[in-house]
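**Q** Below is a structure I'd like to ask you about.
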Amino acid sequence: MKKVGISAVILQLFLLLSANAFANSTIEKTQTIRGQVIDQDSKTTLIGANIIIIDSDPIQGTSTDLDGYFRLENVAVGRFNLKVTCMGYEERIIPNILVGSGKEVVLEIELKESFYKIQDAIITATSHKSEALNEMAMVSAKAFSVEETKRYAGSFNDPARLVSGYAGVIGNVSGNNDIIVRGNSSKGILWRLDGMDIPNPNHFSDETSTGGPINALNSSMLNNSDFFSGAFAPEYGNAYSGVFDMKLRNGNNEKREYTISLGIIGMEATLEGPFSKNYKGSYLINYRYSSLDLLDQAGVVDYYGVPKYQDISFKFHLPTKKAGTFQLIGFGGLSSIYQEDFDEINEDSLTRTADLGADVGFGAIKHIYPVNDKTFITSYISATGTRNSYEYNRRYANGVWYKAYYNEFMNTTLRASTNINSKISTHHRIKAGITYSDLAFDMLAREDALGSGTFNTKLNTNDIAGLVQAYINWKYRLAEDLTLVSGVHYMQFLLNNSSAIEPRVGLDWNFAPKQSLSFGFGMHSKVESISTYFATVEDEITGNISTPNENLGLSKSMHYVLGYANQINKNVSLKTEIYYQHLYNLAVENDPNSMFALNNKITGFEDKDLVNEGTGYNYGLELTLERFFANNYYFLITGSLYDSKIKAMDGELRNSRFNGNYAGNLMIGKEWKVGKESKNKTIGLNTKITVFGGGYYTPIDLQASIDAGYEMYQDDQYLAEKSDDVFMLNFALTYRRNREKTTHELKLDFQNATNNQALIQEYYNDIDQSVEKFYQQKIFPTIFYIIQF
């Protein structure tokens, strides 16, 4: 079958579909901006808040009603900034709101009460875009918007790829969205959704990873969210590297709306709307299917190993008059890839097959109950499930097939949590909560790499373990320009009763009108992947099999952060942080001569005898200069200098796998209006340039690999080889067109546009019995066509 370029096929399809969409129309395009204004701490609605469009002429503005709702109608399409004021509250600017003719803009705006309770005055202190949504975060926190995940080059509408441009964060150039935060393994990342812990939400992941090629939660569903890179607030536990605190938006509760997207990565549809005309509840549902799978079934593409996936996500927002608000939230994803390799000489001779499957699901019932105008309680129960499987088959020289490796990891978690938030006064706020997780697992891993007919069992377990987490958080505004956040997080892993008491503190001092100093300290710990505790280990001398890791404790770290921020003007901010992380109680191999540390792994379980005797550190300096989108352009410049070391049982301090020492990013973009203004046509160009130092890898022991039938390493050269430094150029070209009641957008996104090929590491080819090199992902073009109506 003739191979056809995927990009060319999709481009032709898009041009056909969009020919009428981008046709000329002279009807004036307007839309509605509406929403609700609430108190940041108590979540009570604010009456009489004023909302105006900055620089509108004549001025467009409105005020909130008795329920805190507002509506701005007949707003021309384009980008706008909103100013929100209310008596006794600090002014807030909502920047860069993209208004399109195909979809209403619905906002929930939180205002911070002024330090001095002045009922007849508006406080001029202003909240800026760079501040985190979680007001308990004093350091190492950054909010990101849905619009940014769509706009930044190379992000592919994925929040994990977006934050790889932030200071202290490095992306995975092999194609996955794993991120390295301040020299820590991506295994230390915590994913949360609407305040609830969730499993790794990525397709094609494995049992121990936190990333994958494609996120099952795409930007069509997300609201503005937070990312944290250190010294987390007390409510975040079971993480030492970073936290994604993502939020789903509510569906439109007044009119039904649709979004359809076609692209190389996937085809998707989003449906949202009200349940009834006189009810404030809403639904939001998204479904997506792999485009490559559809093209493969149609015979358009012809190659081996087509990635197949589909996912669905939803949120039902159900307010009541007296019983509070209920929410049904969930997502699920199925992904698989079946690969066949053929002999290089005889192309009809199949030599090996690999079948990978990765499924994930999450569902929750959440309840928000206002006790009074100062206190509310949030509770939820959730169920999660993941299934990861891999089967590898090889063929003998005589043509007979055998199964060389097989694994299946199944995890199900039932979780219950309740949290109370109380705004005691303007100066004091208390937040506390407790969560219990029931962790069930069923895991099996076997290998017979040489086809001997006897399987070596690496893992075989079926059990249940519990995890208890609790926290208390106190926010104290000592003065108008000085805020203290303190608290403690507690965690106990009931499998072996390992536990941690983790004090946290953060301080923010606005010593000048546009400048601030901040400090943060926190102790953080994490449970290892369940498979680590039950991996079977064979004694090299006696040959006895055991599971020595069942009593393995928590990996721990202490974070210290000192930051400085300067809001240079209304559109430009400068931020710098220095940090030090003391790593201790790390899992390392129980061998006085071993250099192995579990923190140096990203994926895959490890069948070694481990003990909590490892130590290490990460320290660094980070700089961020950002110009928010205004006057049709923006830029974000980030830089990091850092050092990351780990000491295993051999007692020597070595570079961690992720110690690249430096990283830098330049993201810049601009939009131009083209044609007559009444046509509402916009072209955008966005670019991202990334450079960072290469990490370290352990070279392959070729003879040992041949003898074993699978990859073996030179243990005496542990992490001795350095990967190449990385350069990557991404750029995206967008064309957006607003018609009377629809918005159309065409986007071409190129990742690694220069096709730079940095050496990442080595791998063993068991067919050729050779060591081969693994390089940076090649140039990867994608195309998206999106319509909203």
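Scheme for the structure tokens: letters A, B, ... for chains in order shown; per-chain residue numbers from 1; ligand numbers from 1 in order shown.
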Would you list, as a list in words, the residues of region 486-629 of chain A that end up in helix (DSSP H, G or I) under DSSP run on this structure's backbone?
**A**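 Put together, the selection reads Ile530, Ser531, Thr532, Tyr533, Phe534, Leu598, Asn599 and Asn600 of chain A.
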**Q** Could those selected residues go to a file with N, CA, C and O atoms, as a CSV table (one decimal), in the first residue's frame?
**A**
```csv
chain,number,residue,atom,x,y,z
A,530,ILE,N,3.2,1.3,44.0
A,530,ILE,CA,2.9,0.1,44.7
A,530,ILE,C,3.8,-1.1,44.2
A,530,ILE,O,4.2,-2.0,45.0
A,531,SER,N,4.1,-1.2,42.9
A,531,SER,CA,4.8,-2.3,42.4
A,531,SER,C,6.2,-2.4,43.0
A,531,SER,O,6.8,-3.5,43.1
A,532,THR,N,6.8,-1.2,43.5
A,532,THR,CA,8.1,-1.2,44.1
A,532,THR,C,8.1,-2.1,45.4
A,532,THR,O,9.1,-2.8,45.7
A,533,TYR,N,7.0,-2.0,46.1
A,533,TYR,CA,7.0,-2.7,47.4
A,533,TYR,C,6.9,-4.2,47.3
A,533,TYR,O,7.3,-4.9,48.2
A,534,PHE,N,6.4,-4.7,46.2
A,534,PHE,CA,6.1,-6.1,46.0
A,534,PHE,C,7.0,-6.8,44.9
A,534,PHE,O,6.8,-7.9,44.6
A,598,LEU,N,16.5,5.1,43.4
A,598,LEU,CA,15.3,5.1,42.7
A,598,LEU,C,14.8,6.4,42.1
A,598,LEU,O,14.1,6.5,41.1
A,599,ASN,N,15.3,7.5,42.7
A,599,ASN,CA,14.9,8.8,42.3
A,599,ASN,C,15.4,9.1,40.9
A,599,ASN,O,15.0,10.1,40.3
A,600,ASN,N,16.3,8.3,40.4
A,600,ASN,CA,16.9,8.6,39.1
A,600,ASN,C,16.1,7.9,38.0
A,600,ASN,O,16.4,8.0,36.8
```
**Q** Please identify all polymer residues within 12 Å of region 74-80 of chain A, counting only C-alpha atoms, omitting same-chain residues fewer than 2 positions from it, and present them as JSON, numbers by chain.
**A** {"A": [27, 28, 29, 30, 31, 32, 33, 34, 52, 53, 54, 55, 56, 57, 58, 59, 60, 61, 71, 72, 82, 83, 93, 94, 95, 96, 97, 98, 99, 100, 101, 102, 103, 104, 105, 147, 629, 630, 631, 632, 633, 671, 672, 673, 677, 678, 679, 680, 681, 682, 736, 737, 738, 739, 740, 741, 742, 743]}
**Q** Extract, using only C-alpha atoms, all DNA, RNA and protein residues at most 6 Å from Tyr564 (chain A), discarding same-chain residues fewer than 6 positions from it, and format them as a ChimeraX atom specification.
**A** /A:516-517,575-576
**Q** Provide the CA of Ile637 (chain A) to CA of Lys570 (chain A) distance in Å, to one decimal place.
**A**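 CA of Lys570 (chain A) lies 17.1 Å from CA of Ile637 (chain A).
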**Q** I want to know what sits within 10 Å of His428 (chain A), based on only C-alpha atoms, with residues of the same chain fewer than 6 positions away left out; could you give that as a ChimeraX atom specification?
**A** /A:41,422,474-478,483-485
**Q** Could you list, as a list in words, every residue within 6 Å of Gln492 (chain A), counting only C-alpha atoms and ignoring same-chain residues fewer than 5 positions away?
**A** Leu467, Val468, Ser498 and Ser499 of chain A
